[in-house]
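Enquirer: Here it is, the structure in full.
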2 protein chains.
Amino acid sequence: MAVGAADKPIACGGALADYSRAVRTRILESGRSLNLKRAIEDTMNLDAVYSQLTIPTGAKLALVVLDGLGDIATAEQGSMTPLEAARTPNLDALVRDGCAQGRMTPVAPGITPGSGPGHLALFGYDPLEFQVGRGVIEALGLGVELQAGDVCARANFCTLDAEGHVTDRRAGRIPTEECERLCAILADKIKKLGTTKVMIQPGKEHRFVIVFRGAGLEGPLSDTDPGREGLPIAEAKPADAKSAKQKKVAKLVADFYRAALPLLQDEVRANGFLMRGIAHQPDIPLFVDRYQLKPACLAVYPMYKGLAQLVGMTKIEGPQTIEEQFNRYLEEHANYDFFFIHFKYTDKAGEDGNFDAKRAYIEEFDAALPILLKKRPDVLAITGDHSTPCALKGHSWHPQPVLLHSSYSGTDKLDRFTETGSNLGSLGVFPAKYLMRLMQANARMFDKFGA
Amino acid sequence: MAVGAADKPIACGGALADYSRAVRTRILESGRSLNLKRAIEDTMNLDAVYSQLTIPTGAKLALVVLDGLGDIATAEQGSMTPLEAARTPNLDALVRDGCAQGRMTPVAPGITPGSGPGHLALFGYDPLEFQVGRGVIEALGLGVELQAGDVCARANFCTLDAEGHVTDRRAGRIPTEECERLCAILADKIKKLGTTKVMIQPGKEHRFVIVFRGAGLEGPLSDTDPGREGLPIAEAKPADAKSAKQKKVAKLVADFYRAALPLLQDEVRANGFLMRGIAHQPDIPLFVDRYQLKPACLAVYPMYKGLAQLVGMTKIEGPQTIEEQFNRYLEEHANYDFFFIHFKYTDKAGEDGNFDAKRAYIEEFDAALPILLKKRPDVLAITGDHSTPCALKGHSWHPQPVLLHSSYSGTDKLDRFTETGSNLGSLGVFPAKYLMRLMQANARMFDKFGA
């Protein structure tokens with residue numbers, strides 16, 4: 001089939017038009033620079049081209065994410081990364097069977113992504129274009145089922161003195177149980193502000209989340225956290241002074257303080273709270289419209305389920321281990337076109353700086369891999385959402401290795417899937433947001449461009 | 001010499017200004033979206049920088065294209081590509097002499113280009129910016145000598161029933177001879193419509209091309225092909241309802257049908273025709289203005305001569321084999337600065353899925369290479385316009401390997417020119433549209449940017 005773009009109706013016209021309008025509106029309403037506007041518009045052009053070329057083929061695609069997989073080799077680690085040190089006979093066999101490898105820049109050179117941008121890029125969305133507020137991420141992470149337009153804020157309990165000045169921005173890191181008790185008090189007494197529904201969800205220690213749900217709300221607003229002790233709680237101000245929706249949220253925040261602070265006045269440590277990252281759930285084009293693929297999420301942790309839900313993936317609940325996730329994939333194989341399978345523990349080990357644990361988790365993953373391969377996806381990508389090097393004990397900017405396997409991936413003639421090996425692969429170093437497009441290409445989902 | 005752009009008069013001010021004006025006018029006059037206008041303006045910014053830095057040096061550059069060269073290694077092919085399997089002593093010697101290698105993305109990750117976009121990228125034009133209509137490509141492919149402003153349509157003979165409904169969109173795939181006979185009838189009777197010249201060129205089977213030449217014409221228009229049987233011939237509608245030039249073409253199309261259908265009314269199968277991809281020859285900035293290089297094309301197939309002609313290359317006619325093309329290069333060496341030499345057969349073999357033939361054609365090419373090297377170009381690039389993997393029997397998105405040889409290319413210390421080898425090269429994976437700029441740089445044609 002060789003029809004060109006000009007001959008072909010846009011595969012998802014309505015959704016594409018909606019998407020364009022939404023993005024355009026958002027850009028024009030925002031205070032972003034002209035350059036960024038142009039960069040975003042360029043991306044939109046290319047997205048429109050991809051959409052016009054898309055042909056559903058019925059192929060099955062799987063994106064398997066070992067969170068924080070990428071690492072760096074240091075002398076202290078024997079010049080090895082955990083992936084290099086791990087025994088991975090099943091990954092090795094997959095590589096020898098024929099894979100393309102490369103490395104991916106999650107956001108931009110030198111930028112260390114959080115889990116939100118890391119995953120949005122893997123799902124094929126430019127993480128600079130679709131910025132998800134901290135409140136939304138936190139709410140997703142706590143398992144709140146968000147709806148489009150919900151405004152979320154992450155909040156810390158804090159300590160106030162008699163003059164209302166902040167003396168401890170984290171309320172002495174009260175135990176989680178105390179946070180849960182206080183959130184229950186607030187949630188019990190403040191269910192609505194006017195017609196706006198209010199939801200409160202406790203997190204760990206002093207952290208909690210506030211969600212406003214109602215018509216005509218929009219972020220972002222400035223933090224009420226003054227940023228240091230000795231200052232009073234700040235006022236939440238609209239980022240765009242002309243936005244009636246943001247002004248409405250500013251009033252809601254003020255009303256919420258008026259209702260909540262009296263309920264906390266007898267607390268010794270947690271007699272106040274500070275709000276940060278006040279923003280609405282972004283209006284992201286749905287995965288199914290963008291790629292013509294019906295997606296499902298097999299993740300264990302709420303954060304990743306939430307990120308998948310942001311783009312409209314169906315959450316498959318139940319599995320707790322990677323074996324269970326892969327087995328569930330086998331069961332659900334016929335029901336979806338695209339599977340996002342998330343393995344958390346490599347990131348945790350990296351955050352702990354625990355090289356041996358990270359290696360062991362990779363080996364655990366590798367041992368389970370044959371279950372997935374019982375119904376080998378037509379296109380399989382295995383990668384991380386970013387690097388979490390043990391030497392850094394945290395996320396990093398280092399491009400993560402990626403392995404792409406299909407009947408059309410060819411082979412890079414490498415023996416293993418490692419950081420050093422992937423440096424030699426045919427995919428080169430590329431922006432992570434293109435992985436989805438490469439997966440679609442390998443699924444033969446794109447018509448030829450031009451004659 | 002180390003003066004910066006700011007200190008330096010614009011090397012090709014007139015040409016640059018003309019170019020800018022032409023492109024800008026085209027954009028403003030066209031019905032393209034604001035997005036595309038901005039994308040083009042961004043590209044123009046970089047192009048303007050390159051132009052300002054350009055210094056003619058008298059260097060000789062050669063771009064040698066083995067069409068569809070890139071391939072993938074599969075197990076069925078013994079994990080080899082045709083380029084890897086081929087015996088290429090002359091390419092090997094060139095590599096050992098010092099080359100930079102890399103891989104090129106023709107359009108964007110995952111996108112499979114047609115020959116048009118593939119070659120425009122090789123000629124240094126962004127294929128997303130300069131989209132050439134199907135009618136134009138088809139006309140070029142049939143050897144029509146197009147002029148700027150010509151509006152072309154590809155056409156199919158079709159079968160109409162008594163009510164004028166399409167019963168076969170391809171007229172039963174009539175033989176080429178019948179197509180030629182019918183085109184001769186149309187061409188004989190319809191030479192002009194008003195002041196507009198009409199040209200008709202038969203293609204293979206039911207295919208032909210219609211060209212309108214005259215003042216004040218512009219595309220694109222919608223197809224008259226209804227896209228499926230059972231419907232009447234559609235009306236060609238201007239893409240931009242406000243364009244007087246497109247309206248004029250719409251009237252020409254209607255007039256053409258009025259003149260042509262009676263001439264076909266006694267035909268049993270081919271008593272009608274459908275038009276697609278109605279568009280004008282795009283107004284592409286000339287190669288000589290853009291690069292300050294006088295270009296020549298040594299191609300055998302009309303399509304590639306036509307693409308070269310689109311950017312103003314001189315077509316050198318005569319040579320039929322790669323030996324003859326290289327020998328003619330030797331003869332013409334003094335007359336041009338830039339030689340585009342096109343070898344078609346690697347693509348044909350890839351399209352046929354014929355690994356051995358593709359390998360053999362590469363060996364044939366290699367055997368001829370010493371002829372070219374008798375007058376070694378100052379800068380020599382050898383690459384494909386895209387990959388045509390045997391396993392896919394068609395064009396693909398896989399980045400094609402590229403070899404760049406000059407006194408300043410350095411060496412990547414590789415033994416051969418192959419897909420796997422080029423993964424390791426110093427050029428990395430880069431957009432094909434930058435190859436021309438790298439060739440210019442290797443020809444020392446760019447002044448320093450900034451102080």
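Chains: A, B, ... in order of the structure tokens. Residues: from 1 per chain. Ligands: from 1, in order shown.
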With a cut-off of 7 Å and counting only C-alpha atoms, select all residues of chain B in contact with chain A and give the selection as a PyMOL selection string.
Expert: chain B and resi 35-36+38-39+72-74+109-117+134+137+277+420+423-424+428-429
Enquirer: Which of segment 82-169 of chain A counts as helix (DSSP H, G or I) under DSSP, as a PyMOL selection string please?
Expert: chain A and resi 82-85+89-98+115-122+134-141
Enquirer: Limited to C-alpha atoms, could you put the picked residues into a file as a PDB file, in the first residue's frame?
Expert:
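Result file part-v4.pdb:
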ATOM      1  CA  PRO A  82      24.131  -3.335  37.543  1.00  0.00           C
ATOM      2  CA  LEU A  83      22.770  -4.294  34.105  1.00  0.00           C
ATOM      3  CA  GLU A  84      26.262  -5.277  32.989  1.00  0.00           C
ATOM      4  CA  ALA A  85      26.960  -7.177  36.194  1.00  0.00           C
ATOM      5  CA  PRO A  89      20.336 -15.266  30.089  1.00  0.00           C
ATOM      6  CA  ASN A  90      16.833 -14.509  28.819  1.00  0.00           C
ATOM      7  CA  LEU A  91      17.563 -10.925  27.816  1.00  0.00           C
ATOM      8  CA  ASP A  92      20.779 -12.171  26.209  1.00  0.00           C
ATOM      9  CA  ALA A  93      18.834 -14.702  24.159  1.00  0.00           C
ATOM     10  CA  LEU A  94      16.394 -12.014  23.077  1.00  0.00           C
ATOM     11  CA  VAL A  95      19.274  -9.791  21.973  1.00  0.00           C
ATOM     12  CA  ARG A  96      20.884 -12.590  20.018  1.00  0.00           C
ATOM     13  CA  ASP A  97      17.524 -13.316  18.410  1.00  0.00           C
ATOM     14  CA  GLY A  98      17.687  -9.834  16.860  1.00  0.00           C
ATOM     15  CA  SER A 115       8.621   9.856  37.074  1.00  0.00           C
ATOM     16  CA  GLY A 116       5.930  11.968  35.412  1.00  0.00           C
ATOM     17  CA  PRO A 117       8.009  13.418  32.569  1.00  0.00           C
ATOM     18  CA  GLY A 118       9.933  10.134  32.283  1.00  0.00           C
ATOM     19  CA  HIS A 119       6.777   8.156  31.640  1.00  0.00           C
ATOM     20  CA  LEU A 120       5.040  10.769  29.500  1.00  0.00           C
ATOM     21  CA  ALA A 121       8.052  10.650  27.167  1.00  0.00           C
ATOM     22  CA  LEU A 122       7.838   6.842  27.043  1.00  0.00           C
ATOM     23  CA  ARG A 134       3.275  18.315  41.256  1.00  0.00           C
ATOM     24  CA  GLY A 135      -0.124  18.259  42.899  1.00  0.00           C
ATOM     25  CA  VAL A 136      -1.493  16.074  40.130  1.00  0.00           C
ATOM     26  CA  ILE A 137       1.504  13.723  40.287  1.00  0.00           C
ATOM     27  CA  GLU A 138       1.207  13.500  44.061  1.00  0.00           C
ATOM     28  CA  ALA A 139      -2.538  12.822  43.839  1.00  0.00           C
ATOM     29  CA  LEU A 140      -1.942  10.152  41.217  1.00  0.00           C
ATOM     30  CA  GLY A 141       0.779   8.690  43.394  1.00  0.00           C
TER      31      GLY A 141
END
Enquirer: Near Met313 of chain B, counting only C-alpha atoms, which residues have an atom at most 10 Å away, once you skip same-chain residues fewer than 5 positions from it, shown as a PyMOL selection string?
Expert: chain B and resi 286-288+293-298+305-308+338-340
Enquirer: Write out as a ChimeraX atom specification each polymer residue whose atoms come within 12 Å of Asp255 of chain B, counting only C-alpha atoms; drop sequence neighbours fewer than 2 positions from it.
Expert: /B:190,192-194,196,198,212,235-236,248-253,257-262
Enquirer: Dump N, CA and C atoms for the selected residues as a PDB file, in the first residue's frame?
Expert:
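Contents of part.pdb, as written:
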ATOM      1  N   ILE B 190      -6.879  17.834 -27.145  1.00  0.00           N
ATOM      2  CA  ILE B 190      -6.897  18.847 -26.072  1.00  0.00           C
ATOM      3  C   ILE B 190      -5.477  19.359 -25.857  1.00  0.00           C
ATOM      4  N   LYS B 192      -4.966  22.876 -25.509  1.00  0.00           N
ATOM      5  CA  LYS B 192      -5.107  24.091 -24.702  1.00  0.00           C
ATOM      6  C   LYS B 192      -6.504  24.163 -24.123  1.00  0.00           C
ATOM      7  N   LEU B 193      -6.607  24.795 -22.973  1.00  0.00           N
ATOM      8  CA  LEU B 193      -7.907  25.167 -22.406  1.00  0.00           C
ATOM      9  C   LEU B 193      -7.795  26.661 -22.136  1.00  0.00           C
ATOM     10  N   GLY B 194      -8.470  27.467 -22.946  1.00  0.00           N
ATOM     11  CA  GLY B 194      -8.248  28.913 -22.860  1.00  0.00           C
ATOM     12  C   GLY B 194      -6.792  29.187 -23.188  1.00  0.00           C
ATOM     13  N   THR B 196      -4.343  28.199 -21.207  1.00  0.00           N
ATOM     14  CA  THR B 196      -3.532  27.231 -20.462  1.00  0.00           C
ATOM     15  C   THR B 196      -3.165  26.045 -21.343  1.00  0.00           C
ATOM     16  N   VAL B 198      -2.098  22.258 -22.053  1.00  0.00           N
ATOM     17  CA  VAL B 198      -2.384  20.972 -21.413  1.00  0.00           C
ATOM     18  C   VAL B 198      -1.448  19.924 -21.995  1.00  0.00           C
ATOM     19  N   PHE B 212      -1.057  21.061 -16.416  1.00  0.00           N
ATOM     20  CA  PHE B 212      -1.571  22.352 -16.861  1.00  0.00           C
ATOM     21  C   PHE B 212      -0.443  23.382 -16.741  1.00  0.00           C
ATOM     22  N   GLU B 235     -15.828  16.389  -7.720  1.00  0.00           N
ATOM     23  CA  GLU B 235     -15.393  17.697  -8.192  1.00  0.00           C
ATOM     24  C   GLU B 235     -14.042  18.015  -7.544  1.00  0.00           C
ATOM     25  N   ALA B 236     -13.109  18.591  -8.294  1.00  0.00           N
ATOM     26  CA  ALA B 236     -11.823  19.009  -7.702  1.00  0.00           C
ATOM     27  C   ALA B 236     -12.030  20.360  -7.023  1.00  0.00           C
ATOM     28  N   LYS B 248      -9.021  28.798 -10.324  1.00  0.00           N
ATOM     29  CA  LYS B 248      -8.775  28.723 -11.763  1.00  0.00           C
ATOM     30  C   LYS B 248      -8.460  27.281 -12.176  1.00  0.00           C
ATOM     31  N   VAL B 249      -7.662  26.588 -11.343  1.00  0.00           N
ATOM     32  CA  VAL B 249      -7.349  25.186 -11.642  1.00  0.00           C
ATOM     33  C   VAL B 249      -8.606  24.326 -11.540  1.00  0.00           C
ATOM     34  N   ALA B 250      -9.460  24.612 -10.561  1.00  0.00           N
ATOM     35  CA  ALA B 250     -10.711  23.847 -10.423  1.00  0.00           C
ATOM     36  C   ALA B 250     -11.530  23.970 -11.709  1.00  0.00           C
ATOM     37  N   LYS B 251     -11.569  25.174 -12.260  1.00  0.00           N
ATOM     38  CA  LYS B 251     -12.316  25.388 -13.517  1.00  0.00           C
ATOM     39  C   LYS B 251     -11.638  24.640 -14.669  1.00  0.00           C
ATOM     40  N   LEU B 252     -10.294  24.657 -14.691  1.00  0.00           N
ATOM     41  CA  LEU B 252      -9.565  23.932 -15.728  1.00  0.00           C
ATOM     42  C   LEU B 252      -9.870  22.440 -15.677  1.00  0.00           C
ATOM     43  N   VAL B 253      -9.908  21.903 -14.468  1.00  0.00           N
ATOM     44  CA  VAL B 253     -10.197  20.474 -14.318  1.00  0.00           C
ATOM     45  C   VAL B 253     -11.589  20.167 -14.860  1.00  0.00           C
ATOM     46  N   TYR B 257     -12.509  17.790 -18.115  1.00  0.00           N
ATOM     47  CA  TYR B 257     -13.465  16.679 -18.132  1.00  0.00           C
ATOM     48  C   TYR B 257     -14.487  16.869 -19.246  1.00  0.00           C
ATOM     49  N   ARG B 258     -14.996  18.114 -19.391  1.00  0.00           N
ATOM     50  CA  ARG B 258     -15.997  18.380 -20.422  1.00  0.00           C
ATOM     51  C   ARG B 258     -15.446  18.069 -21.818  1.00  0.00           C
ATOM     52  N   ALA B 259     -14.160  18.366 -22.021  1.00  0.00           N
ATOM     53  CA  ALA B 259     -13.549  18.123 -23.328  1.00  0.00           C
ATOM     54  C   ALA B 259     -13.171  16.661 -23.522  1.00  0.00           C
ATOM     55  N   ALA B 260     -12.744  16.007 -22.458  1.00  0.00           N
ATOM     56  CA  ALA B 260     -12.143  14.673 -22.597  1.00  0.00           C
ATOM     57  C   ALA B 260     -13.158  13.541 -22.562  1.00  0.00           C
ATOM     58  N   LEU B 261     -14.171  13.631 -21.714  1.00  0.00           N
ATOM     59  CA  LEU B 261     -15.085  12.494 -21.562  1.00  0.00           C
ATOM     60  C   LEU B 261     -15.773  12.112 -22.876  1.00  0.00           C
ATOM     61  N   PRO B 262     -16.210  13.091 -23.691  1.00  0.00           N
ATOM     62  CA  PRO B 262     -16.812  12.693 -24.975  1.00  0.00           C
ATOM     63  C   PRO B 262     -15.852  11.910 -25.868  1.00  0.00           C
TER      64      PRO B 262
END
Enquirer: Between B:Thr105, B:Thr321, B:Gln281, B:Gln265, which residue has the minimum interatomic distance to Gly70 of chain B, considering only C-alpha atoms?
Expert: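 Of B:Thr105, B:Thr321, B:Gln281, B:Gln265, the one nearest Gly70 of chain B, counting only C-alpha atoms, is B:Thr105.
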Enquirer: Let me make sure I understand: among A:Asp223, A:Asp188, A:Glu177, A:Asp337, which one has the smallest atom-to-atom distance to Lys60 of chain A if we use only C-alpha atoms?
Expert: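 Distance minimum relative to Lys60 of chain A lands on A:Asp337.
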Enquirer: Which is closer to Phe273 of chain B than all the others in B:Lys393, B:Arg103, B:Arg359, B:Arg169, using only C-alpha atoms?
Expert: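 Checking each of B:Lys393, B:Arg103, B:Arg359, B:Arg169 against Phe273 of chain B, counting only C-alpha atoms, the winner is B:Arg169.
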Enquirer: Please return, as a VMD selection string, all residues of segment 172-214 of chain A that DSSP assigns to strand (DSSP E or B) on the basis of the backbone.
Expert: chain A and resid 192 to 193 196 to 202 207 to 213
Enquirer: A:Glu317, A:Glu363, A:Asp352, A:Glu267: which is nearest Gly394 of chain A, counting only C-alpha atoms?
Expert: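 Distance minimum relative to Gly394 of chain A lands on A:Asp352.
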Enquirer: Quick one: residues within 12 Å of Asn354 of chain A, only C-alpha atoms, excluding same-chain residues fewer than 2 positions away - as a PyMOL selection string?
Expert: chain A and resi 71+77+81-82+345-352+356-361+388-394
Enquirer: Please save N, CA and C atoms of the selected residues as an mmCIF file, in the first residue's frame.
Expert:
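Written output follows (out13.cif):
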data_model
loop_
_atom_site.group_PDB
_atom_site.id
_atom_site.type_symbol
_atom_site.label_atom_id
_atom_site.label_comp_id
_atom_site.auth_asym_id
_atom_site.auth_seq_id
_atom_site.Cartn_x
_atom_site.Cartn_y
_atom_site.Cartn_z
ATOM 1 N N ASP A 71 22.178 3.171 34.380
ATOM 2 C CA ASP A 71 23.144 3.399 35.462
ATOM 3 C C ASP A 71 24.461 3.841 34.847
ATOM 4 N N GLN A 77 32.421 0.537 41.430
ATOM 5 C CA GLN A 77 31.555 -0.584 41.069
ATOM 6 C C GLN A 77 32.279 -1.553 40.138
ATOM 7 N N THR A 81 28.006 -1.514 35.372
ATOM 8 C CA THR A 81 26.676 -1.098 35.811
ATOM 9 C C THR A 81 25.958 -2.344 36.324
ATOM 10 N N PRO A 82 24.889 -2.149 37.092
ATOM 11 C CA PRO A 82 24.131 -3.335 37.543
ATOM 12 C C PRO A 82 23.646 -4.187 36.370
ATOM 13 N N TYR A 345 11.278 -1.945 41.060
ATOM 14 C CA TYR A 345 12.293 -2.163 42.091
ATOM 15 C C TYR A 345 13.712 -1.763 41.691
ATOM 16 N N THR A 346 13.983 -1.736 40.406
ATOM 17 C CA THR A 346 15.306 -1.272 39.961
ATOM 18 C C THR A 346 15.531 0.188 40.387
ATOM 19 N N ASP A 347 14.489 0.990 40.304
ATOM 20 C CA ASP A 347 14.606 2.387 40.716
ATOM 21 C C ASP A 347 14.830 2.496 42.224
ATOM 22 N N LYS A 348 14.069 1.703 42.975
ATOM 23 C CA LYS A 348 14.215 1.743 44.444
ATOM 24 C C LYS A 348 15.634 1.419 44.860
ATOM 25 N N ALA A 349 16.190 0.374 44.254
ATOM 26 C CA ALA A 349 17.557 -0.033 44.604
ATOM 27 C C ALA A 349 18.553 1.064 44.223
ATOM 28 N N GLY A 350 18.328 1.682 43.069
ATOM 29 C CA GLY A 350 19.195 2.782 42.657
ATOM 30 C C GLY A 350 19.115 3.945 43.636
ATOM 31 N N GLU A 351 17.910 4.267 44.062
ATOM 32 C CA GLU A 351 17.717 5.371 45.022
ATOM 33 C C GLU A 351 18.454 5.080 46.340
ATOM 34 N N ASP A 352 18.489 3.792 46.687
ATOM 35 C CA ASP A 352 19.196 3.396 47.911
ATOM 36 C C ASP A 352 20.698 3.285 47.680
ATOM 37 N N ASP A 356 24.072 -4.144 44.523
ATOM 38 C CA ASP A 356 23.753 -5.575 44.508
ATOM 39 C C ASP A 356 22.248 -5.799 44.401
ATOM 40 N N ALA A 357 21.484 -4.950 45.111
ATOM 41 C CA ALA A 357 20.025 -5.107 45.040
ATOM 42 C C ALA A 357 19.541 -4.816 43.628
ATOM 43 N N LYS A 358 20.098 -3.763 42.995
ATOM 44 C CA LYS A 358 19.640 -3.417 41.647
ATOM 45 C C LYS A 358 19.953 -4.563 40.678
ATOM 46 N N ARG A 359 21.150 -5.091 40.820
ATOM 47 C CA ARG A 359 21.523 -6.230 39.976
ATOM 48 C C ARG A 359 20.569 -7.403 40.216
ATOM 49 N N ALA A 360 20.289 -7.670 41.487
ATOM 50 C CA ALA A 360 19.412 -8.805 41.817
ATOM 51 C C ALA A 360 18.008 -8.596 41.251
ATOM 52 N N TYR A 361 17.503 -7.357 41.296
ATOM 53 C CA TYR A 361 16.165 -7.093 40.740
ATOM 54 C C TYR A 361 16.151 -7.292 39.218
ATOM 55 N N THR A 388 18.708 5.751 37.133
ATOM 56 C CA THR A 388 18.833 6.007 38.576
ATOM 57 C C THR A 388 20.143 5.366 39.021
ATOM 58 N N PRO A 389 21.253 6.048 38.753
ATOM 59 C CA PRO A 389 22.551 5.433 39.060
ATOM 60 C C PRO A 389 22.750 5.256 40.570
ATOM 61 N N CYS A 390 23.262 4.098 40.934
ATOM 62 C CA CYS A 390 23.547 3.834 42.352
ATOM 63 C C CYS A 390 24.474 4.909 42.911
ATOM 64 N N ALA A 391 25.439 5.355 42.093
ATOM 65 C CA ALA A 391 26.420 6.334 42.581
ATOM 66 C C ALA A 391 25.763 7.676 42.879
ATOM 67 N N LEU A 392 24.606 7.934 42.304
ATOM 68 C CA LEU A 392 23.911 9.203 42.536
ATOM 69 C C LEU A 392 22.785 9.065 43.552
ATOM 70 N N LYS A 393 22.384 7.832 43.847
ATOM 71 C CA LYS A 393 21.251 7.575 44.755
ATOM 72 C C LYS A 393 20.030 8.404 44.364
ATOM 73 N N GLY A 394 19.801 8.511 43.114
ATOM 74 C CA GLY A 394 18.629 9.276 42.668
ATOM 75 C C GLY A 394 18.537 9.245 41.165
#
Enquirer: If you measure from atom CA of Asn327 of chain B to atom CA of Ile371 of chain B, what distance in Å do you get, rounded to one decimal?
Expert: 6.4 Å
Enquirer: One decimal, Å: what's the distance from atom CA of Glu129 of chain A over to atom CA of Asp385 of chain A, could you say?
Expert: 17.2 Å
